[in-house]
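Asker: Pasting work-v2.pdb below, which is PDB, C-alpha atoms, pLDDT in the B column.
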ATOM      1  CA  MET A   1     -51.753 -24.140  35.707  1.00 52.00           C
ATOM      2  CA  HIS A   2     -55.177 -23.158  34.436  1.00 53.00           C
ATOM      3  CA  TYR A   3     -55.570 -20.638  31.652  1.00 54.00           C
ATOM      4  CA  ALA A   4     -58.850 -18.792  31.379  1.00 56.00           C
ATOM      5  CA  PRO A   5     -60.534 -18.888  27.965  1.00 60.00           C
ATOM      6  CA  GLY A   6     -59.055 -16.287  25.591  1.00 59.00           C
ATOM      7  CA  TRP A   7     -55.969 -15.595  27.718  1.00 55.00           C
ATOM      8  CA  VAL A   8     -52.497 -16.057  26.215  1.00 60.00           C
ATOM      9  CA  PRO A   9     -49.097 -15.603  27.853  1.00 64.00           C
ATOM     10  CA  PRO A  10     -47.497 -12.219  27.146  1.00 67.00           C
ATOM     11  CA  ARG A  11     -44.958 -12.208  24.326  1.00 70.00           C
ATOM     12  CA  ALA A  12     -41.317 -12.191  25.396  1.00 70.00           C
ATOM     13  CA  ARG A  13     -39.521  -8.836  25.180  1.00 82.00           C
ATOM     14  CA  LEU A  14     -37.282  -8.253  22.159  1.00 81.00           C
ATOM     15  CA  GLU A  15     -33.616  -8.279  23.110  1.00 83.00           C
ATOM     16  CA  PRO A  16     -32.217  -4.818  22.204  1.00 86.00           C
ATOM     17  CA  THR A  17     -28.621  -6.005  21.835  1.00 87.00           C
ATOM     18  CA  ALA A  18     -29.768  -8.407  19.102  1.00 86.00           C
ATOM     19  CA  VAL A  19     -31.352  -5.508  17.244  1.00 87.00           C
ATOM     20  CA  TRP A  20     -28.249  -3.350  17.605  1.00 91.00           C
ATOM     21  CA  SER A  21     -26.046  -6.203  16.479  1.00 90.00           C
ATOM     22  CA  LEU A  22     -27.958  -6.395  13.208  1.00 87.00           C
ATOM     23  CA  VAL A  23     -27.915  -2.609  12.809  1.00 90.00           C
ATOM     24  CA  MET A  24     -24.141  -2.457  13.328  1.00 87.00           C
ATOM     25  CA  GLY A  25     -23.690  -5.283  10.831  1.00 85.00           C
ATOM     26  CA  LEU A  26     -25.781  -3.513   8.205  1.00 87.00           C
ATOM     27  CA  PHE A  27     -23.677  -0.369   8.646  1.00 87.00           C
ATOM     28  CA  GLY A  28     -20.490  -2.359   8.100  1.00 86.00           C
ATOM     29  CA  LEU A  29     -19.253  -2.094  11.694  1.00 89.00           C
ATOM     30  CA  GLY A  30     -18.194  -5.733  11.860  1.00 87.00           C
ATOM     31  CA  PRO A  31     -16.347  -5.865  15.215  1.00 91.00           C
ATOM     32  CA  ALA A  32     -19.128  -3.982  17.019  1.00 89.00           C
ATOM     33  CA  ALA A  33     -21.786  -6.213  15.454  1.00 88.00           C
ATOM     34  CA  LEU A  34     -19.904  -9.338  16.500  1.00 89.00           C
ATOM     35  CA  VAL A  35     -19.487  -8.196  20.111  1.00 91.00           C
ATOM     36  CA  LEU A  36     -23.142  -7.221  20.374  1.00 89.00           C
ATOM     37  CA  ALA A  37     -24.185 -10.570  18.904  1.00 88.00           C
ATOM     38  CA  VAL A  38     -22.209 -12.441  21.593  1.00 89.00           C
ATOM     39  CA  VAL A  39     -23.808 -10.300  24.315  1.00 90.00           C
ATOM     40  CA  ALA A  40     -27.223 -10.870  22.757  1.00 87.00           C
ATOM     41  CA  PHE A  41     -26.848 -14.666  22.784  1.00 88.00           C
ATOM     42  CA  ARG A  42     -26.004 -14.585  26.496  1.00 90.00           C
ATOM     43  CA  ARG A  43     -28.937 -12.340  27.335  1.00 87.00           C
ATOM     44  CA  LEU A  44     -31.336 -14.383  25.233  1.00 84.00           C
ATOM     45  CA  ALA A  45     -30.574 -17.374  27.415  1.00 81.00           C
ATOM     46  CA  SER A  46     -30.531 -15.572  30.773  1.00 83.00           C
ATOM     47  CA  ARG A  47     -33.428 -13.167  30.255  1.00 82.00           C
ATOM     48  CA  HIS A  48     -35.587 -15.422  28.083  1.00 84.00           C
ATOM     49  CA  THR A  49     -35.980 -12.603  25.582  1.00 83.00           C
ATOM     50  CA  ARG A  50     -36.500 -13.071  21.861  1.00 82.00           C
ATOM     51  CA  GLY A  51     -34.452 -12.044  18.845  1.00 83.00           C
ATOM     52  CA  ARG A  52     -32.235 -15.056  18.220  1.00 87.00           C
ATOM     53  CA  GLY A  53     -32.645 -14.700  14.461  1.00 86.00           C
ATOM     54  CA  LEU A  54     -31.559 -11.073  14.632  1.00 87.00           C
ATOM     55  CA  ALA A  55     -28.528 -12.024  16.721  1.00 85.00           C
ATOM     56  CA  ILE A  56     -27.549 -14.739  14.245  1.00 89.00           C
ATOM     57  CA  ALA A  57     -27.841 -12.303  11.335  1.00 89.00           C
ATOM     58  CA  GLY A  58     -25.814  -9.734  13.276  1.00 86.00           C
ATOM     59  CA  ALA A  59     -23.135 -12.327  14.048  1.00 88.00           C
ATOM     60  CA  VAL A  60     -22.852 -13.352  10.385  1.00 91.00           C
ATOM     61  CA  LEU A  61     -22.587  -9.744   9.253  1.00 90.00           C
ATOM     62  CA  GLY A  62     -20.140  -9.103  12.076  1.00 88.00           C
ATOM     63  CA  VAL A  63     -17.840 -11.910  10.963  1.00 90.00           C
ATOM     64  CA  LEU A  64     -17.972 -10.770   7.336  1.00 91.00           C
ATOM     65  CA  GLY A  65     -17.387  -7.156   8.281  1.00 89.00           C
ATOM     66  CA  THR A  66     -14.492  -8.020  10.584  1.00 88.00           C
ATOM     67  CA  VAL A  67     -12.808 -10.138   7.900  1.00 90.00           C
ATOM     68  CA  ALA A  68     -13.272  -7.356   5.331  1.00 88.00           C
ATOM     69  CA  LEU A  69     -11.813  -4.822   7.768  1.00 85.00           C
ATOM     70  CA  ALA A  70      -8.794  -7.044   8.482  1.00 85.00           C
ATOM     71  CA  VAL A  71      -8.157  -7.522   4.760  1.00 86.00           C
ATOM     72  CA  GLY A  72      -8.473  -3.792   4.118  1.00 83.00           C
ATOM     73  CA  VAL A  73      -6.042  -2.902   6.900  1.00 81.00           C
ATOM     74  CA  SER A  74      -3.560  -5.523   5.687  1.00 79.00           C
ATOM     75  CA  VAL A  75      -3.704  -4.209   2.130  1.00 75.00           C
ATOM     76  CA  ALA A  76      -3.245  -0.635   3.350  1.00 69.00           C
ATOM     77  CA  VAL A  77      -0.217  -1.567   5.467  1.00 70.00           C
ATOM     78  CA  LEU A  78       1.383  -3.567   2.651  1.00 64.00           C
ATOM     79  CA  THR A  79       0.769  -0.726   0.191  1.00 61.00           C
ATOM     80  CA  MET A  80       2.336   1.790   2.566  1.00 65.00           C
ATOM     81  CA  MET A  81       5.376  -0.429   3.084  1.00 61.00           C
ATOM     82  CA  ALA A  82       5.705  -0.993  -0.670  1.00 62.00           C
ATOM     83  CA  THR A  83       5.747   2.749  -1.430  1.00 67.00           C
ATOM     84  CA  ARG A  84       7.777   4.055   1.516  1.00 80.00           C
ATOM     85  CA  PRO A  85      11.010   5.733   0.284  1.00 83.00           C
ATOM     86  CA  LEU A  86      14.261   3.881   0.927  1.00 88.00           C
ATOM     87  CA  PRO A  87      17.243   5.349   2.789  1.00 89.00           C
ATOM     88  CA  ALA A  88      19.812   6.874   0.426  1.00 88.00           C
ATOM     89  CA  ASP A  89      22.200   3.956   1.025  1.00 90.00           C
ATOM     90  CA  VAL A  90      20.494   0.764   2.123  1.00 92.00           C
ATOM     91  CA  PRO A  91      22.262  -1.257   4.843  1.00 92.00           C
ATOM     92  CA  ALA A  92      21.646  -4.552   3.054  1.00 93.00           C
ATOM     93  CA  ALA A  93      20.593  -5.730  -0.384  1.00 93.00           C
ATOM     94  CA  ARG A  94      16.828  -5.848  -0.903  1.00 92.00           C
ATOM     95  CA  GLU A  95      14.101  -5.847  -3.523  1.00 90.00           C
ATOM     96  CA  ALA A  96      12.270  -2.558  -3.957  1.00 89.00           C
ATOM     97  CA  ARG A  97       9.741  -0.930  -6.226  1.00 87.00           C
ATOM     98  CA  ALA A  98      11.050   1.736  -8.567  1.00 85.00           C
ATOM     99  CA  GLN A  99       8.797   4.310  -6.851  1.00 84.00           C
ATOM    100  CA  GLN A 100      10.694   3.735  -3.582  1.00 89.00           C
ATOM    101  CA  LEU A 101      14.071   4.778  -4.975  1.00 92.00           C
ATOM    102  CA  VAL A 102      15.663   8.066  -3.971  1.00 92.00           C
ATOM    103  CA  THR A 103      18.829   9.915  -4.919  1.00 92.00           C
ATOM    104  CA  GLY A 104      21.824   7.878  -3.768  1.00 94.00           C
ATOM    105  CA  ASN A 105      20.325   4.388  -4.145  1.00 95.00           C
ATOM    106  CA  CYS A 106      22.593   1.909  -5.915  1.00 95.00           C
ATOM    107  CA  VAL A 107      20.980  -0.640  -8.214  1.00 95.00           C
ATOM    108  CA  LEU A 108      22.524  -4.038  -8.878  1.00 94.00           C
ATOM    109  CA  SER A 109      21.470  -4.141 -12.528  1.00 92.00           C
ATOM    110  CA  VAL A 110      19.311  -2.078 -14.839  1.00 89.00           C
ATOM    111  CA  PRO A 111      16.322  -3.906 -16.369  1.00 83.00           C
ATOM    112  CA  ALA A 112      15.812  -3.919 -20.109  1.00 76.00           C
ATOM    113  CA  ASP A 113      14.033  -0.951 -21.674  1.00 67.00           C
ATOM    114  CA  GLY A 114      10.354  -0.822 -20.867  1.00 63.00           C
ATOM    115  CA  ARG A 115       8.283  -0.679 -17.737  1.00 73.00           C
ATOM    116  CA  VAL A 116      10.295  -0.961 -14.522  1.00 79.00           C
ATOM    117  CA  ASP A 117       8.557  -2.443 -11.481  1.00 79.00           C
ATOM    118  CA  ASN A 118      10.975  -4.069  -9.034  1.00 86.00           C
ATOM    119  CA  VAL A 119      14.753  -3.746  -8.844  1.00 91.00           C
ATOM    120  CA  ARG A 120      17.508  -5.063  -6.614  1.00 93.00           C
ATOM    121  CA  VAL A 121      18.970  -2.283  -4.465  1.00 94.00           C
ATOM    122  CA  VAL A 122      22.360  -2.873  -2.824  1.00 96.00           C
ATOM    123  CA  PRO A 123      24.686  -0.952  -0.503  1.00 96.00           C
ATOM    124  CA  CYS A 124      26.842   1.320  -2.651  1.00 95.00           C
ATOM    125  CA  ALA A 125      29.971  -0.301  -1.232  1.00 95.00           C
ATOM    126  CA  GLU A 126      28.987  -3.482  -3.060  1.00 95.00           C
ATOM    127  CA  PRO A 127      29.453  -3.884  -6.850  1.00 96.00           C
ATOM    128  CA  HIS A 128      26.554  -2.444  -8.809  1.00 95.00           C
ATOM    129  CA  GLU A 129      25.670  -1.273 -12.282  1.00 95.00           C
ATOM    130  CA  ALA A 130      23.739   1.925 -11.619  1.00 94.00           C
ATOM    131  CA  GLN A 131      23.021   4.657  -9.105  1.00 95.00           C
ATOM    132  CA  VAL A 132      20.206   7.168  -8.815  1.00 95.00           C
ATOM    133  CA  VAL A 133      22.005  10.519  -9.114  1.00 93.00           C
ATOM    134  CA  THR A 134      19.114  12.933  -9.691  1.00 91.00           C
ATOM    135  CA  GLU A 135      15.378  13.171  -9.094  1.00 91.00           C
ATOM    136  CA  PHE A 136      12.961  15.328 -11.065  1.00 92.00           C
ATOM    137  CA  SER A 137       9.685  16.150  -9.333  1.00 91.00           C
ATOM    138  CA  PHE A 138       6.630  17.165 -11.331  1.00 93.00           C
ATOM    139  CA  ALA A 139       4.160  19.546  -9.695  1.00 92.00           C
ATOM    140  CA  PRO A 140       1.581  17.662  -7.590  1.00 90.00           C
ATOM    141  CA  ASP A 141      -1.278  19.223  -9.587  1.00 91.00           C
ATOM    142  CA  ALA A 142       0.414  18.851 -12.986  1.00 92.00           C
ATOM    143  CA  VAL A 143      -1.557  17.361 -15.871  1.00 94.00           C
ATOM    144  CA  TRP A 144      -0.177  14.220 -17.504  1.00 95.00           C
ATOM    145  CA  PRO A 145       2.130  15.613 -20.221  1.00 93.00           C
ATOM    146  CA  GLY A 146       2.387  12.447 -22.310  1.00 93.00           C
ATOM    147  CA  GLN A 147       5.094   9.832 -22.117  1.00 92.00           C
ATOM    148  CA  GLN A 148       7.560  11.462 -24.505  1.00 92.00           C
ATOM    149  CA  SER A 149       7.281  14.822 -22.786  1.00 93.00           C
ATOM    150  CA  ALA A 150       7.654  13.250 -19.341  1.00 93.00           C
ATOM    151  CA  ASP A 151      10.755  11.363 -20.498  1.00 91.00           C
ATOM    152  CA  ALA A 152      12.257  14.553 -21.952  1.00 92.00           C
ATOM    153  CA  ARG A 153      11.713  16.574 -18.771  1.00 91.00           C
ATOM    154  CA  VAL A 154      13.399  13.926 -16.616  1.00 91.00           C
ATOM    155  CA  ALA A 155      16.236  13.525 -19.145  1.00 90.00           C
ATOM    156  CA  ARG A 156      17.072  17.236 -18.907  1.00 89.00           C
ATOM    157  CA  ALA A 157      17.913  16.667 -15.233  1.00 85.00           C
ATOM    158  CA  CYS A 158      20.494  13.982 -16.130  1.00 88.00           C
ATOM    159  CA  VAL A 159      24.006  15.458 -16.293  1.00 86.00           C
ATOM    160  CA  LEU A 160      27.325  13.605 -15.997  1.00 87.00           C
ATOM    161  CA  ASP A 161      30.739  15.144 -15.570  1.00 85.00           C
ATOM    162  CA  THR A 162      33.489  14.651 -18.157  1.00 87.00           C
ATOM    163  CA  ASP A 163      35.336  12.036 -16.097  1.00 84.00           C
ATOM    164  CA  GLU A 164      32.222   9.888 -15.805  1.00 87.00           C
ATOM    165  CA  VAL A 165      31.551  10.160 -19.521  1.00 87.00           C
ATOM    166  CA  ALA A 166      35.165   9.260 -20.298  1.00 87.00           C
ATOM    167  CA  ALA A 167      34.845   6.180 -18.075  1.00 87.00           C
ATOM    168  CA  GLY A 168      31.939   4.925 -20.167  1.00 91.00           C
ATOM    169  CA  VAL A 169      29.160   5.906 -17.794  1.00 92.00           C
ATOM    170  CA  ARG A 170      25.850   6.727 -19.441  1.00 93.00           C
ATOM    171  CA  THR A 171      22.496   7.990 -18.188  1.00 92.00           C
ATOM    172  CA  VAL A 172      19.164   6.198 -18.043  1.00 91.00           C
ATOM    173  CA  THR A 173      15.917   7.937 -17.124  1.00 91.00           C
ATOM    174  CA  TRP A 174      12.946   6.331 -15.417  1.00 91.00           C
ATOM    175  CA  SER A 175       9.866   8.491 -15.786  1.00 91.00           C
ATOM    176  CA  PRO A 176       6.333   8.089 -14.437  1.00 91.00           C
ATOM    177  CA  THR A 177       4.058   6.168 -16.777  1.00 90.00           C
ATOM    178  CA  GLU A 178       0.501   7.196 -17.434  1.00 91.00           C
ATOM    179  CA  ARG A 179      -0.661   4.405 -15.142  1.00 88.00           C
ATOM    180  CA  SER A 180       1.680   5.322 -12.269  1.00 87.00           C
ATOM    181  CA  TRP A 181       0.813   9.005 -12.793  1.00 91.00           C
ATOM    182  CA  GLU A 182      -2.830   8.160 -12.124  1.00 90.00           C
ATOM    183  CA  ASP A 183      -1.693   6.548  -8.849  1.00 83.00           C
ATOM    184  CA  GLY A 184       0.035   9.772  -7.786  1.00 86.00           C
ATOM    185  CA  ASP A 185       3.577   9.111  -9.041  1.00 88.00           C
ATOM    186  CA  ARG A 186       5.208  12.487  -9.793  1.00 91.00           C
ATOM    187  CA  VAL A 187       8.936  11.685  -9.537  1.00 91.00           C
ATOM    188  CA  GLY A 188      11.330  10.795 -12.342  1.00 91.00           C
ATOM    189  CA  LEU A 189      14.773   9.308 -11.726  1.00 93.00           C
ATOM    190  CA  CYS A 190      18.101   9.795 -13.469  1.00 93.00           C
ATOM    191  CA  LEU A 191      20.541   6.900 -13.146  1.00 94.00           C
ATOM    192  CA  ALA A 192      24.259   6.834 -13.890  1.00 94.00           C
ATOM    193  CA  VAL A 193      24.889   3.440 -15.488  1.00 94.00           C
ATOM    194  CA  LEU A 194      28.047   1.504 -16.293  1.00 93.00           C
ATOM    195  CA  ASP A 195      27.092  -1.412 -18.515  1.00 91.00           C
ATOM    196  CA  GLY A 196      28.399  -4.651 -17.088  1.00 88.00           C
ATOM    197  CA  GLY A 197      28.473  -3.321 -13.535  1.00 87.00           C
ATOM    198  CA  GLY A 198      31.335  -3.587 -11.118  1.00 91.00           C
ATOM    199  CA  VAL A 199      31.084  -0.024  -9.802  1.00 93.00           C
ATOM    200  CA  THR A 200      31.742   0.391  -6.080  1.00 94.00           C
ATOM    201  CA  GLY A 201      31.186   3.537  -4.071  1.00 94.00           C
ATOM    202  CA  SER A 202      29.011   6.505  -4.938  1.00 94.00           C
ATOM    203  CA  PHE A 203      29.064   8.962  -7.808  1.00 91.00           C
ATOM    204  CA  LEU A 204      27.565  11.566  -5.516  1.00 90.00           C
ATOM    205  CA  ASP A 205      30.449  11.873  -3.054  1.00 89.00           C
ATOM    206  CA  GLY A 206      33.263  11.058  -5.449  1.00 87.00           C
ATOM    207  CA  THR A 207      33.997   7.622  -4.003  1.00 91.00           C
ATOM    208  CA  ALA A 208      32.846   5.699  -7.102  1.00 89.00           C
ATOM    209  CA  GLN A 209      35.418   3.269  -8.401  1.00 89.00           C
ATOM    210  CA  VAL A 210      34.919   2.269 -12.044  1.00 86.00           C
ATOM    211  CA  PRO A 211      36.619  -0.970 -13.163  1.00 83.00           C
TER     212      PRO A 211
END
Hey, can you dump this file as structure tokens for me?
Answerer:
Amino acid sequence: MHYAPGWVPPRARLEPTAVWSLVMGLFGLGPAALVLAVVAFRRLASRHTRGRGLAIAGAVLGVLGTVALAVGVSVAVLTMMATRPLPADVPAAREARAQQLVTGNCVLSVPADGRVDNVRVVPCAEPHEAQVVTEFSFAPDAVWPGQQSADARVARACVLDTDEVAAGVRTVTWSPTERSWEDGDRVGLCLAVLDGGGVTGSFLDGTAQVP
């Protein structure tokens, strides 16, 4: 083929899907960027367009964005599962966060004084040391009252009857901490506790059997 002096072949057209792949990647839309990058690579080969570098950049951003999205969704799901309230009487023993406990839950053993994170929750028909008998809910828009004040407010909701007191049952309160308060925790728990355990049944319906 003969080219006349001064004549050059026209420049190949820029592949639009390559451009959009990069744009989607820059906006953090990883899956869309990745799909567009795949389409762009196919069109670059079939249409002889240009923009391979843009498609590569879009693919890289697409992969990173998709991985970040997957991690974020996984964390959100795990967080939701870790904070979802338990049924009042669990069907089988399980580990749970203190924030998941509700009135009626039976706890295998009470941790030492201090911050409470995870506890072992068991069916109330099985031997246990404690049971959540009362909940105290702070107002959703309440201001952090301080740890001592929070403890006192929850403690006022803890009341045992004379038979329980005579049997050696005592109360333990678990209040929100300043840290959990910042995360939205507004519920305090009152537990009826028999040191040494061995309680079966529930204090709430009168079926509790104290050894």
Asker: Could you jot down the CA of Val159 (chain A) to CA of Val133 (chain A) separation for me, Å, one decimal place?
Answerer: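 Calculated distance between CA of Val159 (chain A) and CA of Val133 (chain A) is 8.9 Å.
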Asker: Could you check which of A:Cys158, A:Val75, A:Ala130, A:Ala152 is closest to Pro176 (chain A), using all atoms listed in the file?
Answerer: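 The answer is A:Ala152, which sits nearest to Pro176 (chain A).
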Asker: How many Å separate CA of Gly146 (chain A) from CA of Ala112 (chain A)?
Answerer: 21.3 Å
Asker: For the file shown, report as an mmCIF file with C-alpha atoms, in the frame of the given file the outcome of the PyMOL selection byres ((chain A and resi 147) around 8) at residue level.
Answerer:
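Result went into selection27.cif, see below:
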data_model
loop_
_atom_site.group_PDB
_atom_site.id
_atom_site.type_symbol
_atom_site.label_atom_id
_atom_site.label_comp_id
_atom_site.auth_asym_id
_atom_site.auth_seq_id
_atom_site.Cartn_x
_atom_site.Cartn_y
_atom_site.Cartn_z
ATOM 1 C CA PRO A 145 2.130 15.613 -20.221
ATOM 2 C CA GLY A 146 2.387 12.447 -22.310
ATOM 3 C CA GLN A 148 7.560 11.462 -24.505
ATOM 4 C CA SER A 149 7.281 14.822 -22.786
ATOM 5 C CA ALA A 150 7.654 13.250 -19.341
ATOM 6 C CA ASP A 151 10.755 11.363 -20.498
ATOM 7 C CA PRO A 176 6.333 8.089 -14.437
ATOM 8 C CA THR A 177 4.058 6.168 -16.777
ATOM 9 C CA GLU A 178 0.501 7.196 -17.434
#
Asker: Counting only C-alpha atoms, figure out which residue out of A:Gly53, A:Gln100, A:Arg13, A:Ala88 gets nearest to Asn118 (chain A).
Answerer: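 For Asn118 (chain A), the nearest of the candidates is A:Gln100.
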Asker: Using all atoms listed in the file, find the one residue out of A:Thr200, A:Leu22, A:Pro123, A:Ala139 that sits nearest to Ile56 (chain A).
Answerer: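 When distances to Ile56 (chain A) are compared using all atoms listed in the file, the smallest one comes from A:Leu22.
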Asker: Pick out the closest residue to Ala18 (chain A) from this set: A:Pro31, A:Gly58, A:Gly72, A:Gly201. Count all atoms listed in the file.
Answerer: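 Nearest candidate to Ala18 (chain A) out of A:Pro31, A:Gly58, A:Gly72, A:Gly201: A:Gly58.
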Asker: Compare A:Val35, A:Val210, A:Val116, A:Val172 by their minimum atom-to-atom distance to His128 (chain A), counting all atoms listed in the file, and give me the closest one.
Answerer: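 Looking at the shortest contact to His128 (chain A), the residue is A:Val210.
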Asker: Mind telling me what the PyMOL selection byres ((chain A and resi 157) around 9) catches here, as number ranges by chain?
Answerer: A: 134-136, 153-156, 158-159, 189-190
Asker: So, counting all atoms listed in the file, which residue among A:Ala33, A:Val110, A:Leu61, A:Ala125 is closest to Arg170 (chain A)?
Answerer: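 Counting all atoms listed in the file, the residue closest to Arg170 (chain A) is A:Val110.
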